[in-house]
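As provided, final.txt (compact mmCIF, C-alpha atoms) reads as follows.
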# COMPACT_ATOMS: atom_id res chain seq x y z
CA MET M 1 57.26 134.28 -126.36
CA SER M 2 60.68 134.50 -124.73
CA TRP M 3 63.13 131.72 -124.07
CA THR M 4 63.65 130.37 -120.56
CA VAL M 5 66.48 128.64 -118.74
CA ARG M 6 66.12 125.69 -116.39
CA THR M 7 68.90 124.16 -114.35
CA ALA M 8 69.10 120.52 -113.31
CA GLU M 9 69.50 119.78 -109.59
CA ILE M 10 73.25 119.15 -109.52
CA PRO M 11 74.19 122.27 -111.54
CA ALA M 12 71.84 124.33 -109.37
CA GLN M 13 73.61 123.03 -106.26
CA ALA M 14 76.98 123.98 -107.78
CA VAL M 15 75.73 127.57 -108.17
CA MET M 16 74.42 127.60 -104.59
CA ASP M 17 77.85 126.45 -103.35
CA MET M 18 79.64 129.36 -105.05
CA PRO M 19 80.64 132.57 -103.28
CA PRO M 20 77.68 134.99 -103.41
CA ASP M 21 79.15 137.34 -106.04
CA LEU M 22 80.05 134.48 -108.40
CA ALA M 23 76.66 132.82 -107.84
CA LYS M 24 74.83 136.04 -108.75
CA MET M 25 77.02 136.60 -111.80
CA THR M 26 76.47 132.99 -112.91
CA ALA M 27 72.69 133.26 -112.50
CA ASN M 28 72.68 136.50 -114.51
CA PHE M 29 74.85 134.87 -117.18
CA LEU M 30 72.44 131.93 -117.49
CA ARG M 31 69.45 134.25 -117.92
CA ALA M 32 71.31 136.22 -120.59
CA LEU M 33 72.39 132.98 -122.25
CA ALA M 34 68.75 131.93 -122.68
CA ILE M 35 68.02 135.23 -124.44
CA GLU M 36 71.11 134.94 -126.63
CA VAL M 37 70.48 131.29 -127.56
CA GLY M 38 66.81 131.99 -128.27
CA GLY M 39 67.65 134.96 -130.44
CA ALA M 40 70.19 132.95 -132.41
CA ILE M 41 67.78 130.06 -132.94
CA ASP M 42 64.91 132.38 -133.90
CA LEU M 43 67.12 134.05 -136.51
CA GLY M 44 68.53 130.77 -137.86
CA ARG M 45 72.00 131.46 -136.50
CA LYS M 46 74.47 129.32 -134.58
CA PRO M 47 73.96 129.42 -130.78
CA PRO M 48 76.89 130.33 -128.52
CA GLY M 49 79.37 127.69 -127.44
CA GLY M 50 80.74 124.61 -129.08
CA PRO M 51 78.43 121.89 -130.39
CA MET M 52 78.68 118.56 -128.58
CA ASP M 53 76.48 116.49 -130.89
CA ASP M 54 75.59 116.20 -134.56
CA ILE M 55 72.00 117.43 -134.22
CA GLY M 56 72.61 120.83 -132.62
CA VAL M 57 70.99 120.14 -129.27
CA ARG M 58 73.91 119.99 -126.82
CA HIS M 59 76.48 122.78 -126.50
CA SER M 60 79.26 123.76 -124.10
CA LEU M 61 80.93 127.00 -123.15
CA GLU M 62 82.90 128.74 -120.43
CA ILE M 63 81.74 131.85 -118.64
CA PRO M 64 84.31 134.41 -119.85
CA GLY M 65 86.81 135.29 -117.14
CA GLU M 66 85.30 132.91 -114.58
CA PRO M 67 86.15 129.33 -113.57
CA VAL M 68 82.78 127.98 -114.72
CA ILE M 69 82.06 125.55 -117.57
CA ILE M 70 78.50 124.92 -118.76
CA GLU M 71 76.87 122.29 -120.93
CA TYR M 72 73.36 123.11 -122.09
CA LEU M 73 70.60 121.57 -124.18
CA ILE M 74 68.43 123.50 -126.61
CA LEU M 75 64.77 122.48 -126.36
CA ARG M 76 63.33 124.31 -129.36
CA ASP M 77 59.77 123.03 -129.05
CA ILE M 78 59.32 124.60 -125.60
CA ARG M 79 61.73 127.52 -126.20
CA GLU M 80 64.00 126.60 -123.32
CA ILE M 81 67.63 125.90 -122.62
CA ARG M 82 68.37 123.35 -119.95
CA ILE M 83 71.63 123.47 -118.01
CA ALA M 84 72.68 119.83 -117.84
CA VAL M 85 76.20 120.30 -116.47
CA LEU M 86 77.79 123.20 -114.62
CA VAL M 87 81.30 122.80 -113.30
CA TRP M 88 82.80 125.36 -110.94
CA LEU M 89 86.57 125.03 -110.87
CA GLY M 90 86.82 126.78 -107.53

Representation of the structure as structure tokens:
Amino acid sequence: MSWTVRTAEIPAQAVMDMPPDLAKMTANFLRALAIEVGGAIDLGRKPPGGPMDDIGVRHSLEIPGEPVIIEYLILRDIREIRIAVLVWLG
């Protein structure tokens, strides 16, 4: 079973407020992030981004080359990442 990505309401609105090209790139990045995080977890490796807690659930990262910062949660039991915070510095 593959990993999925879900976005909370406020981060989703931030994506919808972006210029169309950046919004599409951000959505594609989030889908790819779910695959990358899931693969790392499944193989016992460290997920991308910096850890924000001591239990390995919350992480943060920037979209390379774009003014977007993301905080995500890893929900291992349902094989999902949840985008809790997405800041567009635009």

Fill in: Answer as a list in words, residues within 8 Å of (69.9, 120.5, -118.3) using only C-alpha atoms
Arg6, Thr7, Ala8, Glu71, Tyr72, Leu73, Ile81, Arg82, Ile83, Ala84 and Val85 of chain M

Output file for the residues above (C-alpha atoms, as a short mmCIF file (atom, residue, chain, number, x, y, z; two decimals), in the coordinates of the input):
data_model
loop_
_atom_site.label_atom_id
_atom_site.label_comp_id
_atom_site.auth_asym_id
_atom_site.auth_seq_id
_atom_site.Cartn_x
_atom_site.Cartn_y
_atom_site.Cartn_z
CA ARG M 6 66.12 125.69 -116.39
CA THR M 7 68.90 124.16 -114.35
CA ALA M 8 69.10 120.52 -113.31
CA GLU M 71 76.87 122.29 -120.93
CA TYR M 72 73.36 123.11 -122.09
CA LEU M 73 70.60 121.57 -124.18
CA ILE M 81 67.63 125.90 -122.62
CA ARG M 82 68.37 123.35 -119.95
CA ILE M 83 71.63 123.47 -118.01
CA ALA M 84 72.68 119.83 -117.84
CA VAL M 85 76.20 120.30 -116.47
#

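With all atoms listed in the file as the basis for measurement, M:Val5 is the residue among M:Gly90, M:Ile70, M:Val5, M:His59 that approaches Ile35 (chain M) most closely.
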
Worksheet item: By how many Å are CA of Arg45 (chain M) and CA of Ala27 (chain M) apart?
Response: 24.1 Å

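Distances here use only C-alpha atoms; by that measure, the residue among M:Ala14, M:Val87, M:Ile78, M:Ala34 closest to Pro47 (chain M) is M:Ala34.
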
Discussion item. Under the rule that all atoms listed in the file are counted, which of M:Ile74, M:Ile10, M:Met1, M:Ile69 is the nearest residue to Thr26 (chain M)?
Written reply: M:Ile69

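Computed from the coordinates, the CA of Arg79 (chain M) to CA of Thr4 (chain M) distance equals 6.6 Å.
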
Worksheet item: CA of Pro51 (chain M) and CA of Gly38 (chain M), how far apart in Å?
Response: 15.5 Å

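Using all atoms listed in the file, the shortest contact distance between Ser60 (chain M) and any of M:Pro11, M:Leu86, M:Asp42, M:Lys24 is found at M:Leu86.
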